[in-house]
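Novice: Contents of structure-v7.txt (compact mmCIF, C-alpha atoms and all ligand atoms) are given next:
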# COMPACT_ATOMS: atom_id res chain seq x y z
CA MET H 1 -54.14 -3.52 22.97
CA GLN H 2 -52.15 -3.90 26.19
CA ASN H 3 -53.31 -2.65 29.60
CA PHE H 4 -52.14 0.84 30.50
CA ILE H 5 -52.51 3.80 32.82
CA TYR H 6 -52.34 7.16 31.13
CA HIS H 7 -51.85 10.10 33.44
CA ASN H 8 -50.25 13.32 32.27
CA PRO H 9 -50.58 16.08 34.84
CA THR H 10 -48.55 18.80 33.07
CA LYS H 11 -50.47 21.96 32.28
CA LEU H 12 -49.43 23.21 28.83
CA VAL H 13 -49.57 26.94 28.19
CA PHE H 14 -49.12 27.38 24.48
CA GLY H 15 -48.65 30.37 22.23
CA ARG H 16 -47.17 33.74 21.51
CA GLY H 17 -46.52 36.00 24.48
CA THR H 18 -47.35 33.44 27.17
CA ILE H 19 -44.23 33.80 29.34
CA GLY H 20 -45.94 36.59 31.29
CA GLN H 21 -48.32 33.99 32.71
CA LEU H 22 -45.49 32.68 34.89
CA ARG H 23 -46.53 34.96 37.72
CA ASP H 24 -49.85 33.13 38.00
CA LEU H 25 -48.45 29.66 37.39
CA ILE H 26 -45.90 29.67 40.23
CA PRO H 27 -47.62 29.85 43.62
CA ALA H 28 -46.90 33.05 45.57
CA GLY H 29 -44.37 32.99 48.40
CA GLN H 30 -42.16 30.30 46.87
CA ARG H 31 -38.40 30.62 46.85
CA ILE H 32 -37.65 29.95 43.18
CA LEU H 33 -34.46 28.63 41.58
CA MET H 34 -34.37 29.46 37.89
CA THR H 35 -32.10 27.11 35.93
CA TYR H 36 -30.77 27.74 32.44
CA GLY H 37 -28.06 26.73 30.00
CA GLY H 38 -25.09 28.41 28.37
CA GLY H 39 -26.66 31.80 27.77
CA SER H 40 -28.99 31.57 24.73
CA ILE H 41 -31.84 32.92 26.87
CA ARG H 42 -29.90 36.08 27.59
CA LYS H 43 -29.41 36.75 23.87
CA ASN H 44 -32.95 36.05 22.65
CA GLY H 45 -34.83 38.02 25.30
CA VAL H 46 -36.35 35.03 27.10
CA TYR H 47 -34.35 35.74 30.27
CA ASP H 48 -35.71 39.30 30.39
CA GLN H 49 -39.28 38.11 29.82
CA VAL H 50 -38.99 35.61 32.69
CA LYS H 51 -37.47 38.17 35.04
CA ARG H 52 -40.20 40.65 34.16
CA ALA H 53 -42.92 38.11 34.82
CA LEU H 54 -41.40 37.26 38.20
CA ARG H 55 -40.69 40.80 39.35
CA GLY H 56 -41.10 41.08 43.12
CA ARG H 57 -40.67 37.31 43.63
CA ARG H 58 -37.72 35.63 45.32
CA VAL H 59 -35.71 34.23 42.40
CA LEU H 60 -32.26 32.65 42.60
CA GLU H 61 -30.43 31.64 39.45
CA PHE H 62 -28.33 28.69 38.35
CA GLY H 63 -26.89 28.96 34.83
CA GLY H 64 -24.44 26.82 32.91
CA VAL H 65 -26.37 23.56 32.53
CA GLU H 66 -24.69 21.92 29.54
CA PRO H 67 -26.23 20.17 26.54
CA ASN H 68 -26.33 16.53 27.73
CA PRO H 69 -26.51 17.86 31.27
CA ARG H 70 -23.77 16.70 33.58
CA TYR H 71 -24.25 15.15 36.95
CA GLU H 72 -21.21 17.02 38.27
CA THR H 73 -22.78 20.41 37.40
CA LEU H 74 -26.25 19.46 38.58
CA MET H 75 -25.00 18.42 41.99
CA LYS H 76 -23.82 22.02 42.48
CA ALA H 77 -27.41 23.14 41.94
CA VAL H 78 -28.56 20.49 44.41
CA SER H 79 -26.32 22.13 47.03
CA VAL H 80 -27.88 25.51 46.26
CA CYS H 81 -31.37 24.05 46.70
CA ARG H 82 -30.49 22.56 50.07
CA ARG H 83 -28.57 25.58 51.33
CA GLU H 84 -31.08 28.20 50.19
CA ARG H 85 -34.18 26.14 50.98
CA VAL H 86 -35.47 26.43 47.43
CA ASP H 87 -39.07 25.33 47.06
CA PHE H 88 -39.72 25.67 43.34
CA LEU H 89 -37.55 25.02 40.27
CA LEU H 90 -38.08 26.85 37.00
CA ALA H 91 -36.22 25.43 34.00
CA VAL H 92 -35.74 27.89 31.13
CA GLY H 93 -34.22 26.37 27.99
CA GLY H 94 -34.14 23.17 25.97
CA GLY H 95 -34.42 19.52 26.91
CA SER H 96 -31.04 19.49 28.64
CA VAL H 97 -31.92 22.28 31.06
CA LEU H 98 -35.25 20.66 31.75
CA ASP H 99 -33.83 17.15 32.21
CA GLY H 100 -31.12 18.56 34.44
CA THR H 101 -33.74 20.35 36.49
CA LYS H 102 -35.76 17.17 36.89
CA PHE H 103 -32.67 15.51 38.30
CA ILE H 104 -31.98 18.46 40.62
CA ALA H 105 -35.60 18.28 41.81
CA ALA H 106 -35.29 14.58 42.65
CA ALA H 107 -31.73 14.70 44.02
CA ALA H 108 -32.42 17.65 46.34
CA LEU H 109 -34.89 15.55 48.31
CA TYR H 110 -33.10 12.22 47.91
CA ARG H 111 -31.91 11.07 51.29
CA PRO H 112 -30.94 7.37 51.25
CA GLY H 113 -27.48 8.01 49.79
CA ASP H 114 -25.73 9.12 46.60
CA PRO H 115 -28.24 10.58 44.10
CA TRP H 116 -26.24 8.93 41.30
CA ASP H 117 -28.04 5.75 42.38
CA ILE H 118 -31.22 7.22 40.89
CA LEU H 119 -29.55 6.79 37.50
CA ALA H 120 -27.15 3.90 37.95
CA LYS H 121 -29.21 1.67 40.24
CA HIS H 122 -32.74 2.80 39.35
CA ALA H 123 -33.24 3.82 42.98
CA PRO H 124 -36.90 4.82 43.28
CA VAL H 125 -37.69 8.54 43.44
CA SER H 126 -40.53 9.03 45.85
CA GLN H 127 -40.42 12.82 46.16
CA ALA H 128 -39.08 15.81 44.27
CA LEU H 129 -39.24 19.59 44.40
CA PRO H 130 -42.04 20.93 42.21
CA LEU H 131 -40.88 22.26 38.86
CA GLY H 132 -42.13 24.24 35.90
CA CYS H 133 -40.63 25.04 32.53
CA VAL H 134 -40.29 27.62 29.78
CA LEU H 135 -39.28 25.52 26.78
CA THR H 136 -37.14 27.12 24.06
CA LEU H 137 -36.39 24.10 21.86
CA PRO H 138 -38.95 21.63 20.49
CA ALA H 139 -37.41 18.15 20.43
CA THR H 140 -37.39 15.94 23.49
CA GLY H 141 -40.96 16.04 24.82
CA SER H 142 -39.38 16.49 28.26
CA GLU H 143 -41.79 19.40 28.82
CA SER H 144 -44.63 16.96 29.30
CA ASN H 145 -43.12 13.69 30.44
CA MET H 146 -41.46 12.11 33.46
CA PHE H 147 -38.09 11.23 31.88
CA ALA H 148 -34.65 12.74 32.18
CA VAL H 149 -31.29 11.74 30.73
CA ILE H 150 -28.13 12.70 32.59
CA SER H 151 -24.46 12.32 31.67
CA ARG H 152 -21.49 11.69 33.93
CA GLU H 153 -18.25 13.05 32.60
CA SER H 154 -15.89 10.98 34.75
CA THR H 155 -17.28 7.59 33.70
CA ARG H 156 -18.51 8.48 30.19
CA GLU H 157 -22.02 7.35 31.04
CA LYS H 158 -25.35 8.71 29.86
CA LEU H 159 -28.26 7.26 31.83
CA ALA H 160 -31.98 7.87 32.12
CA PHE H 161 -34.44 7.85 34.99
CA SER H 162 -38.16 8.35 35.23
CA SER H 163 -40.55 9.21 38.02
CA PRO H 164 -44.06 10.65 38.11
CA CYS H 165 -42.66 13.09 40.71
CA VAL H 166 -40.73 14.98 38.01
CA PHE H 167 -43.55 15.73 35.59
CA PRO H 168 -43.42 19.51 35.19
CA LEU H 169 -46.39 21.19 36.86
CA PHE H 170 -46.64 23.42 33.82
CA SER H 171 -44.74 24.12 30.63
CA ILE H 172 -44.88 27.35 28.71
CA LEU H 173 -44.53 26.69 24.99
CA ASP H 174 -44.06 29.97 23.13
CA PRO H 175 -42.97 29.15 19.57
CA THR H 176 -41.48 32.63 19.10
CA THR H 177 -38.73 31.66 21.56
CA ASN H 178 -37.58 29.20 18.86
CA PHE H 179 -36.81 31.91 16.30
CA SER H 180 -33.26 32.22 17.61
CA LEU H 181 -32.45 28.49 17.36
CA PRO H 182 -29.35 27.60 15.35
CA ARG H 183 -30.20 25.53 12.24
CA ARG H 184 -28.46 22.51 13.74
CA GLN H 185 -30.82 22.49 16.73
CA VAL H 186 -33.86 22.74 14.46
CA GLN H 187 -32.63 19.77 12.42
CA ASN H 188 -31.95 17.87 15.62
CA GLY H 189 -35.35 18.68 17.07
CA ILE H 190 -37.28 17.47 14.03
CA ALA H 191 -35.26 14.25 13.97
CA ASP H 192 -35.59 13.59 17.70
CA ALA H 193 -39.38 13.98 17.64
CA PHE H 194 -39.56 11.79 14.52
CA VAL H 195 -37.57 9.01 16.16
CA HIS H 196 -39.63 9.24 19.37
CA VAL H 197 -42.70 8.43 17.32
CA MET H 198 -40.92 5.55 15.62
CA GLU H 199 -39.75 4.00 18.88
CA GLN H 200 -43.41 3.63 19.86
CA TYR H 201 -44.85 2.80 16.44
CA LEU H 202 -42.41 0.81 14.35
CA THR H 203 -42.62 -2.49 16.25
CA TYR H 204 -45.31 -5.09 15.46
CA PRO H 205 -49.08 -4.72 15.01
CA ALA H 206 -50.89 -4.65 18.35
CA ASP H 207 -54.52 -4.03 17.42
CA ALA H 208 -54.13 -0.36 18.22
CA PRO H 209 -55.28 1.43 15.06
CA LEU H 210 -55.85 4.74 16.84
CA GLN H 211 -52.32 4.91 18.25
CA ASP H 212 -51.00 3.91 14.80
CA ARG H 213 -52.87 6.70 13.07
CA GLN H 214 -51.89 9.25 15.71
CA ALA H 215 -48.26 8.26 15.22
CA GLU H 216 -48.59 8.48 11.44
CA ALA H 217 -50.22 11.90 11.76
CA LEU H 218 -47.30 13.11 13.85
CA VAL H 219 -44.59 11.99 11.44
CA LYS H 220 -46.49 13.22 8.41
CA THR H 221 -46.82 16.63 10.06
CA LEU H 222 -43.11 16.64 10.92
CA ILE H 223 -42.28 15.77 7.30
CA GLU H 224 -44.43 18.67 6.08
CA GLU H 225 -43.69 21.35 8.68
CA GLY H 226 -40.04 20.63 9.48
CA PRO H 227 -38.65 21.74 6.13
CA LYS H 228 -40.80 24.89 6.27
CA VAL H 229 -39.05 25.98 9.46
CA LEU H 230 -35.65 25.28 7.91
CA ARG H 231 -36.57 27.36 4.86
CA ARG H 232 -38.21 30.20 6.80
CA PRO H 233 -37.00 30.36 10.40
CA ARG H 234 -39.53 33.07 11.34
CA HIS H 235 -42.54 31.15 10.02
CA PHE H 236 -44.67 31.23 13.17
CA ALA H 237 -47.27 28.67 12.10
CA ALA H 238 -44.66 26.09 11.12
CA ARG H 239 -42.77 26.69 14.38
CA ALA H 240 -46.00 26.27 16.33
CA ASN H 241 -46.76 22.98 14.60
CA LEU H 242 -43.28 21.68 15.30
CA VAL H 243 -43.63 22.50 19.00
CA TRP H 244 -46.95 20.71 19.24
CA CYS H 245 -45.64 17.66 17.34
CA ALA H 246 -42.55 17.35 19.53
CA THR H 247 -44.61 17.54 22.71
CA GLN H 248 -47.09 14.91 21.57
CA ALA H 249 -44.37 12.63 20.24
CA LEU H 250 -43.29 11.78 23.78
CA ASN H 251 -46.02 12.67 26.25
CA GLY H 252 -47.19 9.10 26.79
CA LEU H 253 -50.23 9.19 24.54
CA ILE H 254 -49.15 7.36 21.38
CA GLY H 255 -47.19 4.83 23.44
CA SER H 256 -50.17 3.82 25.58
CA GLY H 257 -51.18 0.21 25.13
CA VAL H 258 -48.61 -0.62 22.46
CA PRO H 259 -45.20 -2.35 22.39
CA GLN H 260 -42.22 0.00 22.39
CA ASP H 261 -38.71 -0.39 21.01
CA TRP H 262 -36.14 2.28 22.20
CA THR H 263 -33.14 0.35 20.80
CA THR H 264 -32.13 3.38 18.75
CA HIS H 265 -32.13 5.63 21.81
CA MET H 266 -30.22 3.20 24.00
CA ILE H 267 -27.46 2.75 21.42
CA GLY H 268 -27.60 6.47 20.64
CA HIS H 269 -26.94 7.43 24.27
CA GLU H 270 -23.75 5.36 24.16
CA LEU H 271 -22.63 7.12 20.97
CA THR H 272 -23.11 10.47 22.70
CA ALA H 273 -21.24 9.23 25.77
CA PHE H 274 -18.33 7.85 23.72
CA TYR H 275 -18.04 10.32 20.85
CA GLY H 276 -19.88 13.45 21.99
CA LEU H 277 -22.38 13.46 19.11
CA ASP H 278 -25.62 15.41 19.66
CA HIS H 279 -28.53 13.25 20.77
CA ALA H 280 -30.42 13.51 17.46
CA GLN H 281 -27.25 13.05 15.39
CA THR H 282 -26.90 9.60 16.96
CA LEU H 283 -30.54 8.71 16.34
CA VAL H 284 -30.54 9.31 12.59
CA VAL H 285 -27.45 7.15 12.24
CA VAL H 286 -28.79 4.30 14.36
CA LEU H 287 -32.48 4.12 13.38
CA PRO H 288 -31.96 2.96 9.75
CA ALA H 289 -29.40 0.43 11.00
CA VAL H 290 -31.80 -0.98 13.60
CA TRP H 291 -34.51 -1.31 10.97
CA LYS H 292 -32.17 -3.06 8.53
CA HIS H 293 -31.10 -5.46 11.25
CA GLN H 294 -34.67 -6.08 12.41
CA GLN H 295 -36.29 -5.91 8.98
CA LYS H 296 -37.94 -9.31 9.28
CA ALA H 297 -39.27 -8.79 12.81
CA LYS H 298 -40.60 -5.33 11.92
CA ALA H 299 -41.76 -6.19 8.40
CA ARG H 300 -45.49 -5.66 8.91
CA LYS H 301 -45.13 -2.23 10.46
CA LEU H 302 -42.47 -1.18 7.96
CA VAL H 303 -44.88 -1.98 5.13
CA GLN H 304 -47.74 -0.12 6.83
CA TYR H 305 -45.50 2.89 7.41
CA ALA H 306 -44.25 2.85 3.80
CA GLU H 307 -47.80 2.79 2.47
CA ARG H 308 -49.44 5.26 4.82
CA VAL H 309 -46.70 7.79 5.42
CA TRP H 310 -44.72 7.68 2.17
CA GLY H 311 -47.48 6.55 -0.18
CA VAL H 312 -45.43 3.60 -1.47
CA LYS H 313 -47.60 1.40 -3.70
CA ARG H 314 -45.20 -1.18 -5.14
CA GLY H 315 -41.72 -2.61 -4.85
CA ASN H 316 -40.04 -3.86 -1.69
CA LYS H 317 -42.03 -1.67 0.69
CA ALA H 318 -40.06 -2.43 3.86
CA ASP H 319 -36.82 -1.64 2.10
CA LEU H 320 -38.25 1.55 0.62
CA ALA H 321 -39.50 2.63 4.05
CA ILE H 322 -35.95 2.50 5.37
CA ARG H 323 -34.48 4.27 2.37
CA LYS H 324 -37.06 7.04 2.36
CA THR H 325 -36.55 7.65 6.07
CA GLU H 326 -32.79 7.94 5.66
CA ALA H 327 -33.32 10.25 2.68
CA PHE H 328 -35.64 12.42 4.80
CA PHE H 329 -32.98 12.76 7.51
CA ARG H 330 -30.44 13.70 4.86
CA SER H 331 -32.84 16.24 3.34
CA LEU H 332 -32.87 17.95 6.75
CA GLY H 333 -29.09 18.26 6.46
CA LEU H 334 -28.18 15.48 8.89
CA LYS H 335 -25.48 12.86 8.43
CA THR H 336 -26.64 9.25 8.61
CA ARG H 337 -23.35 7.34 8.84
CA LEU H 338 -20.70 7.23 11.56
CA SER H 339 -17.94 7.41 8.95
CA GLU H 340 -19.14 10.91 8.09
CA TYR H 341 -18.08 11.91 11.60
CA GLY H 342 -14.73 10.13 11.19
CA ILE H 343 -15.81 7.43 13.66
CA GLY H 344 -14.44 3.91 13.15
CA ALA H 345 -15.24 0.55 14.73
CA GLU H 346 -12.51 0.58 17.40
CA GLN H 347 -14.83 1.12 20.36
CA PHE H 348 -17.78 -0.98 19.17
CA PRO H 349 -16.88 -3.98 21.40
CA GLU H 350 -16.72 -1.76 24.49
CA ILE H 351 -20.03 -0.09 23.63
CA ALA H 352 -21.77 -3.41 23.02
CA ALA H 353 -20.33 -4.93 26.21
CA ARG H 354 -22.03 -2.24 28.27
CA PHE H 355 -25.41 -3.79 27.56
CA ASP H 356 -24.18 -7.13 28.88
CA GLN H 357 -22.74 -5.48 31.98
CA ARG H 358 -26.12 -3.90 32.68
CA GLY H 359 -27.91 -7.18 31.99
CA MET H 360 -29.97 -5.39 29.38
CA LYS H 361 -31.84 -6.69 26.37
CA LEU H 362 -33.28 -4.20 23.92
CA GLY H 363 -36.20 -3.99 21.53
CA GLU H 364 -39.93 -4.58 21.64
CA ARG H 365 -39.32 -8.29 22.17
CA GLN H 366 -36.20 -7.89 24.30
CA ARG H 367 -34.18 -9.94 21.85
CA ILE H 368 -31.36 -7.53 21.10
CA GLY H 369 -28.29 -8.31 23.19
CA SER H 370 -24.69 -7.17 22.94
CA ARG H 371 -23.94 -9.30 19.86
CA GLN H 372 -26.82 -7.75 17.96
CA VAL H 373 -25.84 -4.27 19.18
CA ARG H 374 -22.44 -4.81 17.63
CA GLU H 375 -23.99 -5.93 14.35
CA ILE H 376 -26.20 -2.85 14.36
CA LEU H 377 -23.20 -0.63 15.02
CA GLU H 378 -21.47 -2.20 12.02
CA LEU H 379 -24.50 -1.21 9.92
CA CYS H 380 -24.09 2.39 11.15
CA ARG H 381 -20.69 2.75 9.48
O1 LIG H 401 -27.45 26.13 26.64
P1 LIG H 401 -28.06 27.22 25.86
O2 LIG H 401 -27.23 28.43 25.79
O3 LIG H 401 -29.47 27.51 26.27
O4 LIG H 401 -28.11 26.72 24.32
C1 LIG H 401 -28.80 25.58 23.89
C2 LIG H 401 -27.87 24.40 23.58
O5 LIG H 401 -26.61 24.85 23.19
C3 LIG H 401 -29.41 25.87 22.55
N1 LIG H 401 -30.73 26.48 22.60
C4 LIG H 401 -31.84 26.03 23.24
N2 LIG H 401 -32.87 26.85 22.99
C5 LIG H 401 -32.41 27.86 22.20
C6 LIG H 401 -31.04 27.63 21.95
N3 LIG H 401 -30.28 28.45 21.21
C7 LIG H 401 -30.90 29.53 20.67
N4 LIG H 401 -32.22 29.79 20.83
C8 LIG H 401 -33.00 28.99 21.58
N5 LIG H 401 -34.31 29.22 21.69
O6 LIG H 401 -29.54 24.60 21.93
C9 LIG H 401 -28.48 23.76 22.36
C10 LIG H 401 -29.02 22.37 22.63
O7 LIG H 401 -29.91 22.38 23.72
P2 LIG H 401 -30.39 21.03 24.42
O8 LIG H 401 -31.29 21.41 25.52
O9 LIG H 401 -29.22 20.18 24.70
O10 LIG H 401 -31.20 20.30 23.24
P3 LIG H 401 -32.44 19.34 23.29
O11 LIG H 401 -33.67 20.03 23.65
O12 LIG H 401 -32.38 18.62 22.00
O13 LIG H 401 -32.11 18.32 24.49
C11 LIG H 401 -31.25 17.23 24.35
C12 LIG H 401 -31.14 16.45 25.64
O14 LIG H 401 -32.40 15.86 26.00
C13 LIG H 401 -32.24 14.45 26.17
C14 LIG H 401 -31.10 14.13 25.27
O15 LIG H 401 -30.52 12.89 25.55
C15 LIG H 401 -30.17 15.30 25.50
O16 LIG H 401 -29.44 15.11 26.69
N6 LIG H 401 -33.51 13.75 25.91
C16 LIG H 401 -34.49 13.86 26.83
C17 LIG H 401 -35.68 13.17 26.72
C18 LIG H 401 -36.75 13.29 27.73
N7 LIG H 401 -36.52 13.99 28.82
O17 LIG H 401 -37.82 12.73 27.56
C19 LIG H 401 -35.93 12.24 25.62
C20 LIG H 401 -34.99 12.39 24.48
O18 LIG H 401 -34.96 11.19 23.77
C21 LIG H 401 -33.61 12.77 24.86
O19 LIG H 401 -32.87 11.64 25.25
ZN ZN H 402 -34.77 11.39 21.82
As a first step, turn the structure in this file into structure tokens.
Ligand code: NZQ
Ligand code: ZN

Specialist:
Amino acid sequence: MQNFIYHNPTKLVFGRGTIGQLRDLIPAGQRILMTYGGGSIRKNGVYDQVKRALRGRRVLEFGGVEPNPRYETLMKAVSVCRRERVDFLLAVGGGSVLDGTKFIAAAALYRPGDPWDILAKHAPVSQALPLGCVLTLPATGSESNMFAVISRESTREKLAFSSPCVFPLFSILDPTTNFSLPRRQVQNGIADAFVHVMEQYLTYPADAPLQDRQAEALVKTLIEEGPKVLRRPRHFAARANLVWCATQALNGLIGSGVPQDWTTHMIGHELTAFYGLDHAQTLVVVLPAVWKHQQKAKARKLVQYAERVWGVKRGNKADLAIRKTEAFFRSLGLKTRLSEYGIGAEQFPEIAARFDQRGMKLGERQRIGSRQVREILELCR
């Protein structure tokens, strides 16, 4: 096992009817900016619950944070924070609202220059406004991690940053808020959490049997509970299990002390930036292609995964692991090939070149460069 520091300071408040606890979670006297997305929270009653919980408190609002939150929009919220002297941010929505709010929190206090540098130049974030969250979509794990992914419309870029300063202070996870999710977002959420586990598990053996079994437990639970939610959207127990899986899939625990991949995510972000696909739609296309391309390097973990998660006993286990995973994604109703979206190879060279321009190598052994990215993209067709 590798050396690691595990520190996750986010308080998780889980369960039915927990939004009312907001009034105790946000310190009194704070000037709050509540951020949200395109309006789902107004339709499903979450907005009203938040407002009720914060009655009598000073609450400003900033709505309209897009899926794949845009830098251009977020900078408007940064101006509000500075002008109105906001001292607490409350994100109400899915991963995009939360990621956007993490960026607002960091950018509002960023003084050296253009906050875009936080994303483009990895400028260190040494302070941020405190933030909390009411999560309405289980998928990203953003509710309990220090990552955020932000898009810039003008340059077609989608870039990530991380800082311990943007861990949410608390996250309220009420699975009943998920009842109103469109089917597509449920499919996406299951797939995103699944791939988060795989990015931290499907590498090479690292003498970390506990992390391996925790990862296997997470994907097995997703395989069991995910379809239940799709069949019965108001199945509280299944919703609750999905929420808890998605949070644990990317809260730092299963990735502690083990090698991590993230090739699928890095290529996936480019596919969103270039073609506008949803985050999870890109992942289920790219993951099987990465595994095919890296089948030799990942052979031992592919076999372990095939045996323990899918119960494969004979045959080409690595190959079956890939096929069963793709079949699982398809069973959720997701497409696993770019051609199904009408996407051809025209822009593959430009996408692959971006990794060279950034001087980036991908994968658990940092051996995937732009040539390999292009080969992987070919396998996505
Ligand atoms: O904008 P509103 O109106 O709220 O609607 C949203 C949005 O249209 C809707 N929605 C959310 N909760 C709902 C609901 N509709 C009905 N009922 C509810 N309860 O769902 C749509 C998608 O929301 P979004 O927040 O974009 O989805 P998700 O949570 O999947 O977040 C995706 C973003 O997170 C990033 C992705 O790249 C993408 O930008 N990620 C963040 C990570 C992190 N911070 O650790 C890691 C991930 O790998 C990922 O990259
Ligand atoms: Zn993801």

Novice: Using only C-alpha atoms, determine which residues lie at most 10 Å from region 188-194 of chain H, disregarding the query and same-chain residues fewer than 5 positions distant; provide the list as an MDAnalysis selection string.

Specialist: chainID H and resid 95 137:141 183 199 215 218:223 225:227 229 242:243 245:250 265 278:284 325 328:329 332:334

Novice: Restricting the calculation to all atoms listed in the file, which member of H:Thr203, H:Thr35, H:Asn316, H:Ser40 is positioned closest to Ala105 (chain H)?

Specialist: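 With all atoms listed in the file as the atom set, the closest residue is H:Thr35.
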
Novice: For ligand ZN 402 (chain H), which residue among H:Gln21, H:Thr272, H:Thr136, H:Gln294 is the nearest when counting only C-alpha atoms and all ligand atoms?

Specialist: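 Nearest to ligand ZN 402 (chain H): H:Thr272.
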
Novice: Around ligand LIG 401 (chain H), which protein and nucleic acid residues have at least one atom no more than 6 Å from it, if we count all atoms listed in the file? List them as a PyMOL selection string.

Specialist: chain H and resi 37-41+66-68+93-97+99+136-137+139-142+147-149+177-178+180-182+185+189+279

Novice: So how far away is CA of Arg156 (chain H) from CA of Glu364 (chain H), in Å?

Specialist: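 Between these atoms lies a distance of 26.5 Å.
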
Novice: Choose the residue, out of H:Lys361, H:His269, H:Arg371, H:Arg323, that has the smallest atom-to-atom separation from ligand ZN 402 (chain H); count all atoms listed in the file.

Specialist: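 Looking at the shortest contact to ligand ZN 402 (chain H), the residue is H:His269.
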
Novice: Can you work out which one of H:Val312, H:Ala108, H:Ala91, H:Met266 has the shortest atom-to-atom distance to ligand ZN 402 (chain H), counting all atoms listed in the file?

Specialist: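 Checking each of H:Val312, H:Ala108, H:Ala91, H:Met266 against ligand ZN 402 (chain H), counting all atoms listed in the file, the winner is H:Met266.
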
Novice: Name the residues in contact with Arg58 (chain H) at a cut-off of 9 Å, using only C-alpha atoms, excluding same-chain residues fewer than 4 positions from it; report them as a PDB file with C-alpha atoms, in the coordinates of the input.

Specialist:
ATOM      1  CA  GLY H  29     -44.370  32.990  48.400  1.00  0.00           C
ATOM      2  CA  GLN H  30     -42.160  30.300  46.870  1.00  0.00           C
ATOM      3  CA  ARG H  31     -38.400  30.620  46.850  1.00  0.00           C
ATOM      4  CA  ILE H  32     -37.650  29.950  43.180  1.00  0.00           C
ATOM      5  CA  LEU H  33     -34.460  28.630  41.580  1.00  0.00           C
ATOM      6  CA  LEU H  54     -41.400  37.260  38.200  1.00  0.00           C
TER       7      LEU H  54
END

Novice: What gap, in Å, lies between CA of Glu375 (chain H) and CA of Arg354 (chain H)?

Specialist: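 So the answer is 14.5 Å.
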
Novice: Give me the residues near Ala120 (chain H) as a PyMOL selection string, where near means some atom within 9 Å (using all atoms listed in the file) and where sequence neighbours in that chain fewer than 3 positions away do not count.

Specialist: chain H and resi 116-117+123+159-161

Novice: If you measure from CA of Phe274 (chain H) to CA of Gly113 (chain H), what distance in Å do you get, rounded to one decimal?

Specialist: 27.6 Å

Novice: Write out as a count of residues only each polymer residue whose atoms come within 12 Å of Phe103 (chain H), counting all atoms listed in the file; drop sequence neighbours fewer than 6 positions from it.

Specialist: 44

Novice: Using only C-alpha atoms, find the one residue out of H:Ser339, H:Gly315, H:Ile376, H:His235 that sits nearest to Gln295 (chain H).

Specialist: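 Among the listed residues, the smallest separation from Gln295 (chain H) belongs to H:Ile376.
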